[in-house]
file my_file.cif (mmCIF, C-alpha atoms)
data_start
#
loop_
_atom_site.group_PDB
_atom_site.id
_atom_site.type_symbol
_atom_site.label_atom_id
_atom_site.label_comp_id
_atom_site.auth_asym_id
_atom_site.auth_seq_id
_atom_site.Cartn_x
_atom_site.Cartn_y
_atom_site.Cartn_z
ATOM 1 C CA THR A 169 0.000 0.000 0.000
ATOM 2 C CA ALA A 170 2.986 2.335 0.173
ATOM 3 C CA PHE A 171 2.735 2.895 -3.588
ATOM 4 C CA ARG A 172 -0.967 3.781 -3.251
ATOM 5 C CA ALA A 173 -0.859 5.957 -0.154
ATOM 6 C CA CYS A 174 2.697 7.339 0.124
ATOM 7 C CA SER A 175 5.164 9.247 -1.959
ATOM 8 C CA ALA A 176 7.096 7.285 -4.579
ATOM 9 C CA SER A 177 10.416 7.940 -2.819
ATOM 10 C CA PHE A 178 9.058 6.554 0.459
ATOM 11 C CA ALA A 179 7.601 3.510 -1.291
ATOM 12 C CA TRP A 180 10.917 2.719 -3.025
ATOM 13 C CA LYS A 181 12.780 3.218 0.260
ATOM 14 C CA LEU A 182 10.433 0.663 1.795
ATOM 15 C CA VAL A 183 11.171 -1.749 -1.069
ATOM 16 C CA GLY A 184 14.899 -1.402 -0.337
ATOM 17 C CA ILE A 185 14.344 -2.091 3.360
ATOM 18 C CA ILE A 186 12.305 -5.197 2.546
ATOM 19 C CA ILE A 187 14.990 -6.488 0.170
ATOM 20 C CA ALA A 188 17.662 -5.859 2.819
ATOM 21 C CA HIS A 189 15.576 -7.948 5.217
ATOM 22 C CA GLU A 190 14.624 -10.728 2.819
ATOM 23 C CA LEU A 191 17.977 -11.501 1.156
ATOM 24 C CA PRO A 192 19.768 -12.771 4.275
ATOM 25 C CA GLN A 193 16.629 -14.587 5.371
ATOM 26 C CA GLU A 194 16.299 -16.375 2.043
ATOM 27 C CA VAL A 195 19.968 -17.389 2.103
ATOM 28 C CA ALA A 196 19.431 -18.746 5.622
ATOM 29 C CA ASP A 197 16.347 -20.627 4.417
ATOM 30 C CA VAL A 198 18.308 -22.308 1.624
ATOM 31 C CA TYR A 199 21.112 -23.127 4.084
ATOM 32 C CA THR A 200 18.604 -24.694 6.477
ATOM 33 C CA LEU A 201 16.906 -26.702 3.739
ATOM 34 C CA VAL A 202 20.243 -27.997 2.412
ATOM 35 C CA PHE A 203 22.131 -28.709 5.634
ATOM 36 C CA LYS A 204 19.323 -29.436 8.111
ATOM 37 C CA ALA A 205 16.647 -30.972 5.886
ATOM 38 C CA GLY A 206 19.024 -32.695 3.484
ATOM 39 C CA MET A 207 17.660 -31.243 0.245
ATOM 40 C CA LYS A 208 19.812 -30.742 -2.796
ATOM 41 C CA TRP A 209 20.804 -27.082 -3.229
ATOM 42 C CA TRP A 210 18.852 -26.697 -6.476
ATOM 43 C CA GLN A 211 15.689 -28.121 -4.853
ATOM 44 C CA ALA A 212 16.025 -25.786 -1.886
ATOM 45 C CA THR A 213 16.572 -22.813 -4.183
ATOM 46 C CA LEU A 214 13.629 -23.772 -6.409
ATOM 47 C CA PHE A 215 11.191 -24.248 -3.517
ATOM 48 C CA ASN A 216 12.408 -21.061 -1.875
ATOM 49 C CA PHE A 217 11.894 -19.201 -5.173
ATOM 50 C CA ILE A 218 8.355 -20.603 -5.522
ATOM 51 C CA CYS A 219 7.504 -19.451 -1.993
ATOM 52 C CA GLY A 220 8.923 -16.022 -2.790
ATOM 53 C CA CYS A 221 6.791 -15.841 -5.936
ATOM 54 C CA ALA A 222 3.719 -16.628 -3.840
ATOM 55 C CA ALA A 223 4.548 -13.639 -1.615
ATOM 56 C CA VAL A 224 4.925 -11.385 -4.666
ATOM 57 C CA LEU A 225 1.629 -12.682 -6.062
ATOM 58 C CA GLY A 226 -0.028 -11.872 -2.730
ATOM 59 C CA ALA A 227 1.422 -8.356 -2.829
ATOM 60 C CA ILE A 228 0.099 -7.829 -6.368
ATOM 61 C CA ILE A 229 -3.363 -9.070 -5.366
ATOM 62 C CA ALA A 230 -3.330 -6.794 -2.312
ATOM 63 C CA TYR A 231 -2.259 -3.817 -4.433
ATOM 64 C CA TYR A 232 -5.113 -4.209 -6.901
ATOM 65 C CA SER A 233 -7.747 -5.206 -4.330
ATOM 66 C CA ASP A 234 -10.128 -2.565 -3.129
ATOM 67 C CA ILE A 235 -10.168 -3.333 0.581
ATOM 68 C CA SER A 236 -10.445 -0.913 3.467
ATOM 69 C CA TYR A 237 -7.449 0.051 5.572
ATOM 70 C CA GLU A 238 -9.150 -1.620 8.550
ATOM 71 C CA ALA A 239 -9.426 -4.939 6.687
ATOM 72 C CA GLU A 240 -5.854 -4.609 5.490
ATOM 73 C CA GLY A 241 -4.692 -3.953 9.055
ATOM 74 C CA THR A 242 -6.627 -6.976 10.286
ATOM 75 C CA VAL A 243 -4.991 -9.236 7.690
ATOM 76 C CA LEU A 244 -1.540 -7.869 8.582
ATOM 77 C CA CYS A 245 -2.200 -8.445 12.298
ATOM 78 C CA LEU A 246 -3.286 -12.018 11.676
ATOM 79 C CA ALA A 247 -0.229 -12.702 9.508
ATOM 80 C CA GLY A 248 2.047 -11.132 12.131
ATOM 81 C CA GLY A 249 0.417 -13.315 14.786
ATOM 82 C CA VAL A 250 1.128 -16.442 12.753
ATOM 83 C CA PHE A 251 4.793 -15.446 12.364
ATOM 84 C CA LEU A 252 5.025 -14.704 16.093
ATOM 85 C CA TYR A 253 3.424 -18.039 16.986
ATOM 86 C CA VAL A 254 5.794 -19.985 14.733
ATOM 87 C CA SER A 255 8.847 -18.154 16.035
ATOM 88 C CA LEU A 256 7.918 -18.707 19.679
ATOM 89 C CA THR A 257 6.803 -22.332 19.402
ATOM 90 C CA GLU A 258 9.102 -23.714 16.723
ATOM 91 C CA LEU A 259 12.226 -21.562 16.551
ATOM 92 C CA ALA A 260 12.765 -20.282 20.099
ATOM 93 C CA PRO A 261 13.087 -23.745 21.688
ATOM 94 C CA SER A 262 15.813 -24.724 19.217
ATOM 95 C CA VAL A 263 17.721 -21.510 19.951
ATOM 96 C CA THR A 264 17.493 -21.788 23.726
ATOM 97 C CA SER A 265 18.444 -25.466 23.752
ATOM 98 C CA SER A 266 21.513 -24.885 21.594
ATOM 99 C CA LYS A 267 24.606 -26.816 22.630
ATOM 100 C CA GLN A 268 26.885 -23.985 21.440
ATOM 101 C CA PHE A 269 26.646 -22.148 24.744
ATOM 102 C CA SER A 270 27.746 -23.657 28.018
ATOM 103 C CA SER A 271 25.477 -21.758 30.394
ATOM 104 C CA PRO A 272 21.899 -20.496 30.449
ATOM 105 C CA LEU A 273 23.236 -17.074 31.483
ATOM 106 C CA VAL A 274 25.153 -16.758 28.203
ATOM 107 C CA ILE A 275 22.004 -17.712 26.276
ATOM 108 C CA ALA A 276 19.930 -15.155 28.202
ATOM 109 C CA VAL A 277 22.477 -12.359 27.684
ATOM 110 C CA ALA A 278 22.831 -13.198 23.974
ATOM 111 C CA THR A 279 19.040 -13.242 23.554
ATOM 112 C CA VAL A 280 18.627 -9.849 25.227
ATOM 113 C CA PHE A 281 21.511 -8.419 23.184
ATOM 114 C CA VAL A 282 20.033 -9.611 19.889
ATOM 115 C CA PHE A 283 16.628 -8.225 20.918
ATOM 116 C CA ILE A 284 18.172 -4.824 21.707
ATOM 117 C CA VAL A 285 20.012 -4.755 18.368
ATOM 118 C CA GLY A 286 16.778 -5.605 16.526
ATOM 119 C CA ALA A 287 14.816 -2.960 18.448
ATOM 120 C CA ALA A 288 17.534 -0.381 17.686
ATOM 121 C CA CYS A 289 17.326 -1.213 13.970
ATOM 122 C CA ILE A 290 13.563 -0.719 14.035
ATOM 123 C CA GLY A 291 14.077 2.562 15.880
ATOM 124 C CA LEU A 292 16.558 3.756 13.262
ATOM 125 C CA ILE A 293 14.044 3.037 10.516
ATOM 126 C CA LEU A 294 11.395 4.998 12.402
ATOM 127 C CA LEU A 295 13.595 8.107 12.562
ATOM 128 C CA ASP A 296 12.431 8.950 9.040
ATOM 129 C CA HIS A 297 8.862 7.853 9.767
ATOM 130 C CA GLU A 298 6.045 9.410 7.789
ATOM 131 C CA HIS A 299 2.319 8.935 7.765
ATOM 132 C CA CYS A 300 0.756 8.423 4.398
ATOM 133 C CA SER A 301 -2.655 9.591 3.265
ATOM 134 C CA ALA A 302 -5.118 7.737 1.106
ATOM 135 C CA GLY A 303 -4.687 10.315 -1.665
ATOM 136 C CA GLY A 304 -0.969 9.624 -2.014
ATOM 137 C CA GLY A 305 1.926 11.827 -1.068
ATOM 138 C CA HIS A 306 2.919 12.732 2.441
ATOM 139 C CA GLY A 307 0.364 12.544 5.194
ATOM 140 C CA ASP A 308 2.247 14.871 7.516
ATOM 141 C CA THR A 309 -0.920 16.577 8.727
ATOM 142 C CA HIS A 310 -0.477 15.762 12.391
ATOM 143 C CA GLY A 311 -2.844 18.549 13.451
ATOM 144 C CA ASP A 312 -5.552 17.526 10.995
ATOM 145 C CA THR A 313 -6.905 14.116 11.954
ATOM 146 C CA HIS A 314 -9.723 13.901 9.370
ATOM 147 C CA GLY A 315 -9.602 10.388 8.004
ATOM 148 C CA ASP A 316 -6.660 9.486 10.246
ATOM 149 C CA THR A 317 -8.015 6.817 12.557
ATOM 150 C CA HIS A 318 -5.086 7.020 14.952
ATOM 151 C CA GLY A 319 -5.094 10.754 15.650
ATOM 152 C CA GLY A 320 -2.111 11.676 13.475
ATOM 153 C CA HIS A 321 0.289 9.280 15.186
#
call {"tool": "encode", "arguments": {"input": "my_file.cif", "output": "structure tokens"}}
result
Amino acid sequence: TAFRACSASFAWKLVGIIIAHELPQEVADVYTLVFKAGMKWWQATLFNFICGCAAVLGAIIAYYSDISYEAEGTVLCLAGGVFLYVSLTELAPSVTSSKQFSSPLVIAVATVFVFIVGAACIGLILLDHEHCSAGGGHGDTHGDTHGDTHGGH
């Protein structure tokens, strides 16, 4: 929706941020599929590419769909909840039971450190935060809350 509701420069900046996030994650996915699941590298790359195409297809459908911002927010919240559930139930136990670290204290300190680094990265992105309006362009009308369901913030 950044291309519909924001300036073009902001939308392209968001694309760059998403690519910077996705590239290392996709490499890690292929690594996991090859070395943990035992797939051949070309199979892992192919299946990873197909999954990525499904995400792009979903983005195209969302772009051309005429849904309300409330419905869009609901879908994003549900998707975020699924990712959170998977990370807490499937990934967190494997990280905390890792044999790489000798003590639970080291695991706890490393976990807090990684959380702080991630929160700092999110904070750095938000330094150039802008609100977008449904008409496109910048929605920097913090005093005018007409149509802004969260009071300009």
call {"tool": "atom_distance", "arguments": {"input": "my_file.cif", "atom1": "atom CA of A:Leu295", "atom2": "atom CA of A:Leu182"}}
result
13.5 Å
call {"tool": "residues_around", "arguments": {"input": "my_file.cif", "residues": "stretch 194-198 of chain A", "least_positions_apart": "6", "cutoff": "12 Å", "atoms": "all atoms listed in the file", "output": "PyMOL selection string"}}
result
chain A and resi 186-188+204-220
call {"tool": "atom_distance", "arguments": {"input": "my_file.cif", "atom1": "atom CA of A:Ile235", "atom2": "atom CA of A:Ala173"}}
result
13.2 Å
call {"tool": "atom_distance", "arguments": {"input": "my_file.cif", "atom1": "atom CA of A:Ile185", "atom2": "atom CA of A:Thr242"}}
result
22.6 Å
call {"tool": "resolve_selection", "arguments": {"input": "my_file.cif", "expression": "the PyMOL selection byres ((chain A and resi 230) around 12)", "output": "list in words"}}
result
Thr169, Ala170, Phe171, Arg172, Ala223, Val224, Leu225, Gly226, Ala227, Ile228, Ile229, Tyr231, Tyr232, Ser233, Asp234, Ile235, Ser236, Tyr237, Ala239, Glu240, Gly241, Val243 and Leu244 of chain A
call {"tool": "write_last_selection", "arguments": {"input": "my_file.cif", "atoms": "C-alpha atoms", "output": "mmCIF file, keeping the file's coordinate frame"}}
result
data_model
loop_
_atom_site.group_PDB
_atom_site.id
_atom_site.type_symbol
_atom_site.label_atom_id
_atom_site.label_comp_id
_atom_site.auth_asym_id
_atom_site.auth_seq_id
_atom_site.Cartn_x
_atom_site.Cartn_y
_atom_site.Cartn_z
ATOM 1 C CA THR A 169 0.000 0.000 0.000
ATOM 2 C CA ALA A 170 2.986 2.335 0.173
ATOM 3 C CA PHE A 171 2.735 2.895 -3.588
ATOM 4 C CA ARG A 172 -0.967 3.781 -3.251
ATOM 5 C CA ALA A 223 4.548 -13.639 -1.615
ATOM 6 C CA VAL A 224 4.925 -11.385 -4.666
ATOM 7 C CA LEU A 225 1.629 -12.682 -6.062
ATOM 8 C CA GLY A 226 -0.028 -11.872 -2.730
ATOM 9 C CA ALA A 227 1.422 -8.356 -2.829
ATOM 10 C CA ILE A 228 0.099 -7.829 -6.368
ATOM 11 C CA ILE A 229 -3.363 -9.070 -5.366
ATOM 12 C CA TYR A 231 -2.259 -3.817 -4.433
ATOM 13 C CA TYR A 232 -5.113 -4.209 -6.901
ATOM 14 C CA SER A 233 -7.747 -5.206 -4.330
ATOM 15 C CA ASP A 234 -10.128 -2.565 -3.129
ATOM 16 C CA ILE A 235 -10.168 -3.333 0.581
ATOM 17 C CA SER A 236 -10.445 -0.913 3.467
ATOM 18 C CA TYR A 237 -7.449 0.051 5.572
ATOM 19 C CA ALA A 239 -9.426 -4.939 6.687
ATOM 20 C CA GLU A 240 -5.854 -4.609 5.490
ATOM 21 C CA GLY A 241 -4.692 -3.953 9.055
ATOM 22 C CA VAL A 243 -4.991 -9.236 7.690
ATOM 23 C CA LEU A 244 -1.540 -7.869 8.582
#
